[in-house]
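Participant: Would you mind keeping the following structure in view while I ask a few things?
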Amino acid sequence: MTFRLRIALSITVLLSVSRPTLAKDFPKFERIEIDPHAGEIVYAVTHADVDGDGKDDIVAVTENAVYWYAAPDWKKHTIIKDQTVRDNVCIAAHDIDGDDKVDFALGAGWPQAGGTIQWLSRKDSLDEPWNVHFIGEIPWTHRMRWGDVLGTGTPQLTVSPLNKTEGDGVKLTAFEIPADPKKDRWKATVIADSLNRVHNHWHPALVEGGIVVTFTASQEGLHMLSPIPRSLFDKYRLSSGASGEKETQQGTGEIKGGDVLFGERPVRFLYAAIEPMHGNNVVAYLTVGGGPEVRRHVLDDTLSRGHAIGIADFDGDRYPEIVAGHSDPASGEIQGPGVYVYQADDDTGEKWTKHVIDDGGVAVEDAFAVDLTGDEKPDIVAGGRNTHNVVLYVNQGP
(Lines give C-alpha, C1' and ligand atoms only; values in the text may rest on other atoms or scores of the structure.)
Protein backbone atom coordinates (compact mmCIF):
# COMPACT_ATOMS: atom_id res chain seq x y z
CA MET A 1 0.00 0.00 0.00
CA THR A 2 1.43 3.37 -0.98
CA PHE A 3 1.93 6.23 1.46
CA ARG A 4 -0.51 8.28 -0.62
CA LEU A 5 -3.24 5.67 -0.30
CA ARG A 6 -2.63 5.34 3.45
CA ILE A 7 -3.31 9.05 3.84
CA ALA A 8 -6.42 8.79 1.69
CA LEU A 9 -7.65 5.86 3.74
CA SER A 10 -6.95 7.71 6.99
CA ILE A 11 -9.60 10.23 5.95
CA THR A 12 -12.29 7.55 6.04
CA VAL A 13 -11.53 5.66 9.25
CA LEU A 14 -14.88 5.50 11.06
CA LEU A 15 -15.51 7.15 14.40
CA SER A 16 -17.16 5.25 17.23
CA VAL A 17 -19.99 7.56 18.25
CA SER A 18 -23.60 7.01 19.18
CA ARG A 19 -26.23 8.04 16.69
CA PRO A 20 -27.50 11.56 17.42
CA THR A 21 -31.02 12.82 16.84
CA LEU A 22 -31.50 15.38 14.08
CA ALA A 23 -32.58 18.78 15.32
CA LYS A 24 -36.05 19.77 14.13
CA ASP A 25 -35.60 23.47 14.79
CA PHE A 26 -32.96 25.53 13.07
CA PRO A 27 -31.35 28.41 15.01
CA LYS A 28 -32.29 32.04 14.52
CA PHE A 29 -29.50 34.52 13.79
CA GLU A 30 -29.30 38.15 14.89
CA ARG A 31 -27.83 40.31 12.13
CA ILE A 32 -25.35 42.97 13.33
CA GLU A 33 -23.68 45.16 10.72
CA ILE A 34 -20.48 45.99 12.56
CA ASP A 35 -19.06 48.11 9.73
CA PRO A 36 -21.30 49.48 6.95
CA HIS A 37 -18.35 50.56 4.77
CA ALA A 38 -15.01 49.00 5.70
CA GLY A 39 -13.64 49.61 2.21
CA GLU A 40 -14.51 49.39 -1.45
CA ILE A 41 -14.09 45.62 -1.23
CA VAL A 42 -13.83 43.50 1.92
CA TYR A 43 -11.55 40.86 0.42
CA ALA A 44 -11.13 38.66 3.50
CA VAL A 45 -12.39 38.20 7.04
CA THR A 46 -10.87 36.13 9.84
CA HIS A 47 -10.76 35.96 13.62
CA ALA A 48 -8.03 36.20 16.26
CA ASP A 49 -7.57 37.37 19.85
CA VAL A 50 -5.77 40.60 18.97
CA ASP A 51 -5.88 42.31 22.37
CA GLY A 52 -5.18 39.18 24.45
CA ASP A 53 -8.38 39.29 26.51
CA GLY A 54 -9.28 35.69 25.74
CA LYS A 55 -12.00 36.63 23.26
CA ASP A 56 -11.77 36.27 19.51
CA ASP A 57 -11.96 39.55 17.63
CA ILE A 58 -13.00 40.04 14.00
CA VAL A 59 -10.39 41.03 11.40
CA ALA A 60 -11.22 42.43 7.96
CA VAL A 61 -9.01 43.05 4.92
CA THR A 62 -9.86 45.78 2.41
CA GLU A 63 -8.08 47.04 -0.70
CA ASN A 64 -5.78 49.35 1.30
CA ALA A 65 -6.24 48.49 4.99
CA VAL A 66 -6.57 45.82 7.66
CA TYR A 67 -8.96 46.45 10.56
CA TRP A 68 -9.83 44.61 13.75
CA TYR A 69 -13.10 44.84 15.65
CA ALA A 70 -12.79 44.22 19.38
CA ALA A 71 -15.17 41.78 21.07
CA PRO A 72 -17.72 42.12 22.54
CA ASP A 73 -18.73 45.63 21.37
CA TRP A 74 -16.90 45.34 18.00
CA LYS A 75 -15.19 48.74 18.21
CA LYS A 76 -13.13 49.36 15.06
CA HIS A 77 -9.32 49.61 15.19
CA THR A 78 -6.74 50.02 12.41
CA ILE A 79 -3.89 47.53 12.00
CA ILE A 80 -2.44 49.03 8.81
CA LYS A 81 -3.61 51.50 6.21
CA ASP A 82 -1.89 52.47 2.93
CA GLN A 83 1.26 50.55 3.93
CA THR A 84 1.19 47.84 1.23
CA VAL A 85 0.89 47.57 -2.54
CA ARG A 86 -2.82 47.67 -3.43
CA ASP A 87 -4.93 45.58 -3.27
CA ASN A 88 -4.67 43.54 -0.07
CA VAL A 89 -6.35 40.21 -0.77
CA CYS A 90 -5.71 37.53 1.90
CA ILE A 91 -4.68 37.16 5.54
CA ALA A 92 -3.71 34.44 8.03
CA ALA A 93 -3.22 34.79 11.80
CA HIS A 94 -0.25 33.25 13.66
CA ASP A 95 2.29 34.14 16.37
CA ILE A 96 5.21 34.60 14.00
CA ASP A 97 7.86 36.10 16.29
CA GLY A 98 7.14 33.94 19.34
CA ASP A 99 6.06 36.71 21.72
CA ASP A 100 2.74 34.98 22.56
CA LYS A 101 0.81 37.69 20.69
CA VAL A 102 -0.90 37.14 17.39
CA ASP A 103 0.65 38.47 14.17
CA PHE A 104 -0.76 38.36 10.65
CA ALA A 105 0.58 37.24 7.30
CA LEU A 106 -0.88 39.36 4.51
CA GLY A 107 -1.03 38.99 0.74
CA ALA A 108 -1.20 42.16 -1.37
CA GLY A 109 -0.61 43.43 -4.90
CA TRP A 110 -3.85 41.91 -6.21
CA PRO A 111 -4.67 41.06 -8.90
CA GLN A 112 -1.20 40.60 -10.38
CA ALA A 113 1.04 43.56 -9.60
CA GLY A 114 3.89 41.68 -7.96
CA GLY A 115 1.97 39.59 -5.47
CA THR A 116 3.68 40.78 -2.29
CA ILE A 117 3.75 38.60 0.83
CA GLN A 118 4.44 40.22 4.19
CA TRP A 119 3.73 39.88 7.87
CA LEU A 120 2.42 42.42 10.34
CA SER A 121 3.79 42.90 13.86
CA ARG A 122 2.38 45.20 16.51
CA LYS A 123 4.10 48.14 18.14
CA ASP A 124 3.99 48.97 21.86
CA SER A 125 0.45 50.28 21.57
CA LEU A 126 -2.43 48.76 19.60
CA ASP A 127 -3.43 52.30 18.72
CA GLU A 128 -0.34 52.66 16.52
CA PRO A 129 -0.13 51.35 12.93
CA TRP A 130 1.56 47.95 12.85
CA ASN A 131 4.93 47.20 11.26
CA VAL A 132 5.08 45.59 7.81
CA HIS A 133 7.86 43.02 7.20
CA PHE A 134 8.72 41.52 3.80
CA ILE A 135 8.48 37.75 3.26
CA GLY A 136 8.53 37.27 -0.52
CA GLU A 137 6.77 37.81 -3.83
CA ILE A 138 4.59 35.50 -5.93
CA PRO A 139 2.57 36.90 -8.85
CA TRP A 140 -1.19 36.42 -8.46
CA THR A 141 -0.95 35.71 -4.71
CA HIS A 142 -4.55 34.92 -3.75
CA ARG A 143 -4.90 32.76 -0.59
CA MET A 144 -2.71 31.86 2.39
CA ARG A 145 -2.97 29.53 5.38
CA TRP A 146 -0.76 28.18 8.19
CA GLY A 147 -0.02 24.47 8.54
CA ASP A 148 2.95 22.15 9.03
CA VAL A 149 2.87 20.82 5.48
CA LEU A 150 6.62 20.07 5.51
CA GLY A 151 6.50 18.04 8.73
CA THR A 152 9.11 20.17 10.53
CA GLY A 153 7.11 20.53 13.74
CA THR A 154 6.47 24.23 13.08
CA PRO A 155 3.69 25.63 10.86
CA GLN A 156 4.62 27.13 7.52
CA LEU A 157 2.77 29.81 5.59
CA THR A 158 1.36 28.17 2.47
CA VAL A 159 0.48 30.60 -0.34
CA SER A 160 -1.60 29.73 -3.40
CA PRO A 161 -1.44 32.07 -6.42
CA LEU A 162 -4.48 32.06 -8.68
CA ASN A 163 -2.87 31.88 -12.13
CA LYS A 164 0.30 30.35 -13.44
CA THR A 165 3.02 32.67 -14.76
CA GLU A 166 5.55 30.03 -15.85
CA GLY A 167 5.68 26.27 -16.27
CA ASP A 168 2.67 23.95 -16.21
CA GLY A 169 0.82 25.40 -13.23
CA VAL A 170 0.75 27.74 -10.24
CA LYS A 171 3.46 27.41 -7.63
CA LEU A 172 1.77 26.49 -4.36
CA THR A 173 4.54 27.54 -1.98
CA ALA A 174 5.30 26.97 1.72
CA PHE A 175 7.36 29.63 3.52
CA GLU A 176 9.24 28.60 6.68
CA ILE A 177 9.60 31.04 9.59
CA PRO A 178 13.36 31.74 10.04
CA ALA A 179 15.18 32.13 13.36
CA ASP A 180 14.86 35.90 13.07
CA PRO A 181 11.73 36.50 10.97
CA LYS A 182 12.37 40.24 10.78
CA LYS A 183 15.88 39.94 9.31
CA ASP A 184 16.43 36.43 7.93
CA ARG A 185 15.18 35.08 4.60
CA TRP A 186 12.05 32.95 4.67
CA LYS A 187 12.91 29.67 2.90
CA ALA A 188 10.36 28.86 0.17
CA THR A 189 9.42 25.30 -0.88
CA VAL A 190 7.15 24.67 -3.88
CA ILE A 191 4.80 21.83 -2.91
CA ALA A 192 2.79 21.73 -6.17
CA ASP A 193 3.32 23.24 -9.62
CA SER A 194 0.95 21.48 -12.02
CA LEU A 195 -2.49 22.87 -11.11
CA ASN A 196 -4.16 25.84 -12.80
CA ARG A 197 -6.40 28.55 -11.38
CA VAL A 198 -6.00 27.45 -7.76
CA HIS A 199 -8.68 29.58 -6.17
CA ASN A 200 -8.24 28.29 -2.62
CA HIS A 201 -6.59 25.62 -0.49
CA TRP A 202 -7.20 24.14 2.95
CA HIS A 203 -5.20 22.29 5.62
CA PRO A 204 -7.56 19.83 7.33
CA ALA A 205 -7.08 18.34 10.77
CA LEU A 206 -5.80 15.09 9.26
CA VAL A 207 -2.30 13.97 10.16
CA GLU A 208 -0.32 11.01 8.86
CA GLY A 209 3.01 10.60 10.62
CA GLY A 210 2.94 14.22 11.78
CA ILE A 211 2.34 15.60 8.28
CA VAL A 212 -0.50 17.94 7.44
CA VAL A 213 -2.08 17.25 4.07
CA THR A 214 -3.35 20.04 1.83
CA PHE A 215 -6.52 20.16 -0.21
CA THR A 216 -6.66 22.38 -3.29
CA ALA A 217 -9.60 23.81 -5.21
CA SER A 218 -8.54 24.37 -8.80
CA GLN A 219 -9.65 24.22 -12.41
CA GLU A 220 -8.74 20.51 -12.31
CA GLY A 221 -11.05 19.86 -9.34
CA LEU A 222 -10.46 18.80 -5.74
CA HIS A 223 -7.00 17.40 -4.95
CA MET A 224 -5.22 16.15 -1.85
CA LEU A 225 -1.48 16.89 -1.64
CA SER A 226 0.86 14.88 0.55
CA PRO A 227 4.64 14.56 0.79
CA ILE A 228 5.95 11.21 -0.51
CA PRO A 229 8.58 11.20 0.91
CA ARG A 230 8.73 14.46 2.86
CA SER A 231 11.06 16.10 0.40
CA LEU A 232 8.61 15.61 -2.49
CA PHE A 233 4.90 16.09 -2.94
CA ASP A 234 2.32 14.12 -4.87
CA LYS A 235 -1.32 14.86 -5.58
CA TYR A 236 -4.37 12.63 -5.49
CA ARG A 237 -7.51 13.81 -7.27
CA LEU A 238 -10.64 13.22 -5.22
CA SER A 239 -13.01 14.80 -7.75
CA SER A 240 -12.89 16.68 -11.03
CA GLY A 241 -15.55 19.01 -9.64
CA ALA A 242 -17.92 20.79 -11.98
CA SER A 243 -17.90 19.89 -15.66
CA GLY A 244 -18.51 22.10 -18.68
CA GLU A 245 -17.29 22.92 -22.16
CA LYS A 246 -15.45 26.06 -21.10
CA GLU A 247 -12.54 26.14 -18.65
CA THR A 248 -14.44 28.62 -16.52
CA GLN A 249 -17.17 26.00 -16.07
CA GLN A 250 -14.80 23.32 -14.77
CA GLY A 251 -13.32 22.34 -11.44
CA THR A 252 -13.59 23.64 -7.88
CA GLY A 253 -13.43 27.18 -6.54
CA GLU A 254 -13.76 27.09 -2.74
CA ILE A 255 -12.99 24.31 -0.27
CA LYS A 256 -13.40 23.93 3.48
CA GLY A 257 -13.22 20.78 5.54
CA GLY A 258 -14.75 18.88 8.39
CA ASP A 259 -14.45 15.34 9.65
CA VAL A 260 -17.80 14.15 10.93
CA LEU A 261 -19.63 10.81 10.97
CA PHE A 262 -23.21 10.73 9.71
CA GLY A 263 -25.24 8.42 11.96
CA GLU A 264 -24.21 4.79 12.27
CA ARG A 265 -23.69 4.23 8.56
CA PRO A 266 -20.18 4.13 7.08
CA VAL A 267 -20.81 7.49 5.43
CA ARG A 268 -18.78 10.54 6.40
CA PHE A 269 -19.14 14.16 5.49
CA LEU A 270 -15.79 15.11 4.07
CA TYR A 271 -15.66 18.55 2.48
CA ALA A 272 -17.85 21.39 1.25
CA ALA A 273 -17.13 23.30 -1.93
CA ILE A 274 -18.23 26.02 -4.31
CA GLU A 275 -17.96 24.78 -7.90
CA PRO A 276 -16.67 25.86 -10.34
CA MET A 277 -14.56 28.94 -9.49
CA HIS A 278 -16.96 31.84 -8.85
CA GLY A 279 -19.58 29.19 -9.49
CA ASN A 280 -23.24 28.46 -8.86
CA ASN A 281 -22.98 25.08 -7.11
CA VAL A 282 -22.83 24.40 -3.37
CA VAL A 283 -21.39 20.89 -3.08
CA ALA A 284 -21.02 18.34 -0.27
CA TYR A 285 -18.49 15.54 -0.63
CA LEU A 286 -19.16 12.26 1.17
CA THR A 287 -17.13 9.08 1.51
CA VAL A 288 -18.56 5.58 1.63
CA GLY A 289 -16.99 2.68 3.53
CA GLY A 290 -13.25 2.65 4.09
CA GLY A 291 -11.99 3.69 0.68
CA PRO A 292 -10.70 7.02 -0.61
CA GLU A 293 -13.46 7.54 -3.18
CA VAL A 294 -15.91 10.39 -2.66
CA ARG A 295 -19.49 11.05 -3.72
CA ARG A 296 -20.38 14.52 -4.96
CA HIS A 297 -23.75 15.96 -3.98
CA VAL A 298 -24.92 19.30 -5.38
CA LEU A 299 -27.01 21.00 -2.68
CA ASP A 300 -27.79 24.20 -4.59
CA ASP A 301 -27.17 25.25 -8.20
CA THR A 302 -28.69 28.73 -8.14
CA LEU A 303 -25.87 30.89 -6.75
CA SER A 304 -24.10 33.54 -8.79
CA ARG A 305 -20.41 34.10 -8.11
CA GLY A 306 -20.27 31.82 -5.09
CA HIS A 307 -17.26 32.97 -3.08
CA ALA A 308 -17.41 31.57 0.46
CA ILE A 309 -17.95 28.18 2.08
CA GLY A 310 -17.73 26.90 5.64
CA ILE A 311 -18.72 24.08 7.98
CA ALA A 312 -20.05 24.18 11.55
CA ASP A 313 -22.62 22.51 13.79
CA PHE A 314 -24.99 25.46 14.15
CA ASP A 315 -27.89 23.60 15.79
CA GLY A 316 -25.90 21.48 18.26
CA ASP A 317 -27.07 18.09 17.01
CA ARG A 318 -23.53 16.86 16.16
CA TYR A 319 -24.29 16.93 12.44
CA PRO A 320 -22.41 19.45 10.32
CA GLU A 321 -24.12 22.23 8.45
CA ILE A 322 -22.68 24.07 5.46
CA VAL A 323 -22.63 27.86 5.23
CA ALA A 324 -22.23 29.45 1.80
CA GLY A 325 -22.24 32.96 0.39
CA HIS A 326 -22.33 34.64 -3.01
CA SER A 327 -21.80 38.18 -4.28
CA ASP A 328 -24.10 38.51 -7.32
CA PRO A 329 -27.88 38.12 -7.75
CA ALA A 330 -28.80 34.45 -8.05
CA SER A 331 -30.93 32.65 -10.63
CA GLY A 332 -33.32 30.99 -8.20
CA GLU A 333 -36.29 32.17 -6.17
CA ILE A 334 -33.95 33.56 -3.50
CA GLN A 335 -31.84 36.03 -5.43
CA GLY A 336 -29.64 37.46 -2.71
CA PRO A 337 -26.76 38.06 -2.81
CA GLY A 338 -26.37 36.70 0.67
CA VAL A 339 -25.61 33.99 3.19
CA TYR A 340 -27.29 30.58 3.47
CA VAL A 341 -26.92 27.54 5.70
CA TYR A 342 -27.63 24.00 4.43
CA GLN A 343 -28.86 21.50 7.04
CA ALA A 344 -28.86 17.73 6.58
CA ASP A 345 -32.37 16.24 6.49
CA ASP A 346 -31.34 12.75 7.60
CA ASP A 347 -28.36 10.74 8.75
CA THR A 348 -27.21 9.84 5.23
CA GLY A 349 -25.92 13.32 4.47
CA GLU A 350 -27.49 13.16 1.02
CA LYS A 351 -30.50 15.47 1.43
CA TRP A 352 -30.27 19.02 2.74
CA THR A 353 -32.55 21.99 3.53
CA LYS A 354 -31.52 25.54 2.64
CA HIS A 355 -31.96 28.22 5.34
CA VAL A 356 -31.71 31.90 4.40
CA ILE A 357 -29.53 33.87 6.81
CA ASP A 358 -29.25 37.05 4.75
CA ASP A 359 -31.03 37.80 1.47
CA GLY A 360 -29.57 40.89 -0.18
CA GLY A 361 -27.72 42.41 2.78
CA VAL A 362 -24.18 41.41 1.91
CA ALA A 363 -22.47 40.62 -1.40
CA VAL A 364 -20.24 37.93 0.08
CA GLU A 365 -16.55 37.95 -0.80
CA ASP A 366 -15.47 35.93 2.24
CA ALA A 367 -17.04 34.40 5.35
CA PHE A 368 -16.25 32.16 8.31
CA ALA A 369 -18.13 30.39 11.10
CA VAL A 370 -16.86 30.28 14.69
CA ASP A 371 -18.17 30.91 18.21
CA LEU A 372 -17.52 34.61 18.87
CA THR A 373 -19.81 35.12 21.87
CA GLY A 374 -18.59 32.33 24.16
CA ASP A 375 -21.90 30.44 24.25
CA GLU A 376 -20.55 27.41 22.34
CA LYS A 377 -22.80 28.16 19.37
CA PRO A 378 -21.04 29.01 16.08
CA ASP A 379 -21.72 32.46 14.68
CA ILE A 380 -21.13 33.69 11.11
CA VAL A 381 -19.13 36.66 9.83
CA ALA A 382 -19.28 37.83 6.20
CA GLY A 383 -17.39 40.52 4.30
CA GLY A 384 -19.00 42.29 1.38
CA ARG A 385 -17.82 43.07 -2.11
CA ASN A 386 -20.26 45.52 -3.70
CA THR A 387 -21.93 46.11 -0.33
CA HIS A 388 -18.57 47.09 1.25
CA ASN A 389 -19.65 45.90 4.71
CA VAL A 390 -18.72 43.54 7.54
CA VAL A 391 -21.67 41.69 9.05
CA LEU A 392 -21.91 39.44 12.11
CA TYR A 393 -24.74 36.90 12.46
CA VAL A 394 -25.09 35.86 16.11
CA ASN A 395 -26.44 32.36 16.65
CA GLN A 396 -29.49 32.65 18.95
CA GLY A 397 -30.16 28.94 19.12
CA PRO A 398 -33.36 27.16 17.98
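Ligands are numbered from 1 in the order shown, residues from 1 within each chain, and chains are lettered A, B, ... in the order they appear in the C-alpha coordinates.
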I'd like the contact shell of region 169-186 of chain A - 7 Å cut-off, only C-alpha atoms, skipping same-chain residues fewer than 2 positions apart - returned as a ChimeraX atom specification.
Facilitator: /A:97,133,135,156-164,167,188-196
Participant: Identify which of the residues A:Gly114, A:Pro27, A:Pro276, A:Pro72 lies closest to Glu321 (chain A), counting only C-alpha atoms when measuring atom-to-atom distances.
Facilitator: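 The answer is A:Pro27, which sits nearest to Glu321 (chain A).
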Participant: Using only C-alpha atoms, determine which residues lie at most 7 Å from Phe134 (chain A), disregarding the query and same-chain residues fewer than 5 positions distant; provide the list as a list in words.
Facilitator: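 So the residues in contact are Ile117, Gln118 and Trp119 of chain A.
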Participant: From the set A:Ala242, A:Ile32, A:Val42, A:Leu106, which residue has the shortest atom-to-atom contact distance to Ala363 (chain A), counting only C-alpha atoms?
Facilitator: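 Nearest to Ala363 (chain A): A:Val42.
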Participant: Need to verify the contact set: Met224 (chain A), 10 Å, only C-alpha atoms, exclusion of same-chain residues closer than 6 positions in sequence. Can you return it as a PyMOL selection string?
Facilitator: chain A and resi 4+7-8+201-203+213-217+234-239
Participant: For a quick check of understanding, using only C-alpha atoms, which of A:Gly338, A:Gly241, A:Gly349, A:Pro139 has the smallest distance to Gly306 (chain A)?
Facilitator: A:Gly338
Participant: Given the choices A:Gly253, A:Val323, A:Glu30, A:Val391, which gets closest to Trp74 (chain A) if the distance is worked out from only C-alpha atoms?
Facilitator: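 The answer is A:Val391, which sits nearest to Trp74 (chain A).
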Participant: Counting only C-alpha atoms, which of A:Gly360, A:Asn281, A:Gln343, A:Val102 gets nearest to Asp53 (chain A)?
Facilitator: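 Using only C-alpha atoms, the shortest distance to Asp53 (chain A) belongs to A:Val102.
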Participant: Which polymer residues have any atom within 10 Å of an atom of Asp313 (chain A), counting only C-alpha atoms, with same-chain residues fewer than 5 positions away left out, as number ranges by chain?
Facilitator: A: 318-322, 343, 369-370, 377-378
